[in-house]
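Participant: Got a structure for you, questions after.
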Amino acid sequence: MEYNDRQDLESEIKDNSQQIETLGESQKEYQEDMESLQEKLKMLKSSKGVYANSDNNLIASVEAAIQTRETNVEECKEKIGEVKTQIDSKLENLKKRISTQEQHIKKMENLVDSLNHKDNHIVIEIKNQKDDLDDAKYKSSGLLKIIEIASALAVGVGLAAQGIAELVSSLQSIGLFR
């Protein structure tokens, strides 16, 4: 997609930023939930005596919550990857536009130089094109930052998934999870 005006580009960047922020908040909530569940299991493991029906219900509840969180983590990871792919594509298109604008500006500068006549209108147009180019470069750096954030979130999701696997393994080793 090529952007014909800066507002379109700014809107796209804002939308992508909001998606990344929402996914990051969801991941944080999932992580907090997981920590709470781990604390409940820790308390259950440390209690001694005969297991009551309520303990079995708690174990079933924790197992179901773990399964839900594992699914949520994977979905969040997939969504982050999708947004990152979209941003990569937009960044590539923006780079192409920047290159096109640089060529256009160079042609206009050469034309002004060859005429040896610096018409004020042409100088203003060149300045406007340079301003647009600078703005596009600035937006490009913003997209790079969003990609970095998305990559960091994906790593965080991977770490959370590893923690889930360890928790499930621990539950299986003590016979609380099949």
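Ordering of the structure tokens sets the chain letters (A, B, ...); residue numbers start at 1 within each chain; ligands are numbered from 1 in the order shown.
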For stretch 97-101 of chain A, list every protein, DNA or RNA residue within 8 Å, evaluated using only C-alpha atoms, and leave out those in the same chain fewer than 4 positions away; present the list as a ChimeraX atom specification.
Facilitator: /A:2,93,105,129,133,136-137
Participant: Since we have the selection now, will you write its residues out, keeping N, CA, C and O atoms, as a tab-separated table (two decimals), in the first residue's frame?
Facilitator:
chain	number	residue	atom	x	y	z
A	2	GLU	N	0.62	2.12	-0.90
A	2	GLU	CA	1.36	3.37	-0.95
A	2	GLU	C	0.48	4.45	-0.35
A	2	GLU	O	-0.71	4.51	-0.60
A	93	ASN	N	6.97	-0.78	1.95
A	93	ASN	CA	6.29	0.14	1.04
A	93	ASN	C	6.71	1.58	1.30
A	93	ASN	O	6.90	2.36	0.36
A	105	ILE	N	12.86	14.45	-6.08
A	105	ILE	CA	13.51	15.67	-5.59
A	105	ILE	C	14.80	15.93	-6.35
A	105	ILE	O	15.08	17.07	-6.75
A	129	GLN	N	8.66	18.99	-0.79
A	129	GLN	CA	9.00	17.59	-1.04
A	129	GLN	C	10.03	17.08	-0.02
A	129	GLN	O	9.93	15.96	0.47
A	133	LEU	N	9.59	14.13	2.67
A	133	LEU	CA	10.58	13.06	2.76
A	133	LEU	C	11.06	12.89	4.20
A	133	LEU	O	11.14	11.78	4.72
A	136	ALA	N	8.41	11.21	6.18
A	136	ALA	CA	8.34	9.78	5.86
A	136	ALA	C	9.47	9.01	6.55
A	136	ALA	O	9.27	7.91	7.07
A	137	LYS	N	10.64	9.59	6.59
A	137	LYS	CA	11.77	8.95	7.27
A	137	LYS	C	11.49	8.84	8.76
A	137	LYS	O	11.81	7.83	9.39
Participant: Please identify all polymer residues within 8 Å of A:Leu37, counting only C-alpha atoms, omitting same-chain residues fewer than 3 positions from it, and present them as a PyMOL selection string.
Facilitator: chain A and resi 33-34+40-41+62+65-66
Participant: Those residues with N, CA and C atoms, as a PDB file, in the first residue's frame please?
Facilitator:
ATOM      1  N   ASP A  33      -2.334 -13.826  35.735  1.00  0.00           N
ATOM      2  CA  ASP A  33      -3.231 -14.942  36.019  1.00  0.00           C
ATOM      3  C   ASP A  33      -2.435 -16.218  36.273  1.00  0.00           C
ATOM      4  N   MET A  34      -1.448 -16.443  35.412  1.00  0.00           N
ATOM      5  CA  MET A  34      -0.635 -17.646  35.531  1.00  0.00           C
ATOM      6  C   MET A  34       0.106 -17.656  36.876  1.00  0.00           C
ATOM      7  N   LYS A  40      -1.588 -20.713  43.810  1.00  0.00           N
ATOM      8  CA  LYS A  40      -2.619 -21.622  44.334  1.00  0.00           C
ATOM      9  C   LYS A  40      -2.117 -23.062  44.347  1.00  0.00           C
ATOM     10  N   LEU A  41      -1.454 -23.462  43.261  1.00  0.00           N
ATOM     11  CA  LEU A  41      -0.918 -24.829  43.211  1.00  0.00           C
ATOM     12  C   LEU A  41       0.157 -25.049  44.269  1.00  0.00           C
ATOM     13  N   VAL A  62      -7.772 -25.339  38.354  1.00  0.00           N
ATOM     14  CA  VAL A  62      -6.430 -24.868  37.997  1.00  0.00           C
ATOM     15  C   VAL A  62      -5.996 -25.486  36.671  1.00  0.00           C
ATOM     16  N   ALA A  65      -7.806 -23.692  33.940  1.00  0.00           N
ATOM     17  CA  ALA A  65      -7.264 -22.342  33.778  1.00  0.00           C
ATOM     18  C   ALA A  65      -5.913 -22.378  33.070  1.00  0.00           C
ATOM     19  N   ILE A  66      -5.100 -23.369  33.397  1.00  0.00           N
ATOM     20  CA  ILE A  66      -3.790 -23.505  32.747  1.00  0.00           C
ATOM     21  C   ILE A  66      -3.980 -23.749  31.250  1.00  0.00           C
TER      22      ILE A  66
END
Participant: Each residue of stretch 11-32 of chain A with at least one atom at most 8 Å from stretch 67-87 of chain A should appear once, together with its nearest atom pair and the corresponding distance in Å (one decimal); atoms considered: only C-alpha atoms; ordering: chain, then increasing residue number; output as a Markdown table.
Facilitator:
| residue | atom | partner | partner_atom | distance |
| --- | --- | --- | --- | --- |
| A:Asn16 | CA | A:Val83 | CA | 6.9 |
| A:Gln19 | CA | A:Val83 | CA | 7.5 |
| A:Ile20 | CA | A:Ile80 | CA | 6.8 |
| A:Leu23 | CA | A:Cys76 | CA | 6.4 |
| A:Ser26 | CA | A:Cys76 | CA | 7.6 |
| A:Gln27 | CA | A:Cys76 | CA | 6.9 |
| A:Tyr30 | CA | A:Arg69 | CA | 6.3 |
Participant: Got time to write the residues from that selection, C-alpha atoms, as a PDB file, in the first residue's frame?
Facilitator:
ATOM      1  CA  ASN A  16      -0.697  -0.754  14.667  1.00  0.00           C
ATOM      2  CA  GLN A  19      -2.835  -3.300  18.446  1.00  0.00           C
ATOM      3  CA  ILE A  20       0.625  -3.965  19.868  1.00  0.00           C
ATOM      4  CA  LEU A  23      -1.723  -7.440  22.842  1.00  0.00           C
ATOM      5  CA  SER A  26      -3.384  -9.006  27.328  1.00  0.00           C
ATOM      6  CA  GLN A  27      -0.105 -10.850  27.671  1.00  0.00           C
ATOM      7  CA  TYR A  30      -2.293 -13.722  31.199  1.00  0.00           C
TER       8      TYR A  30
END
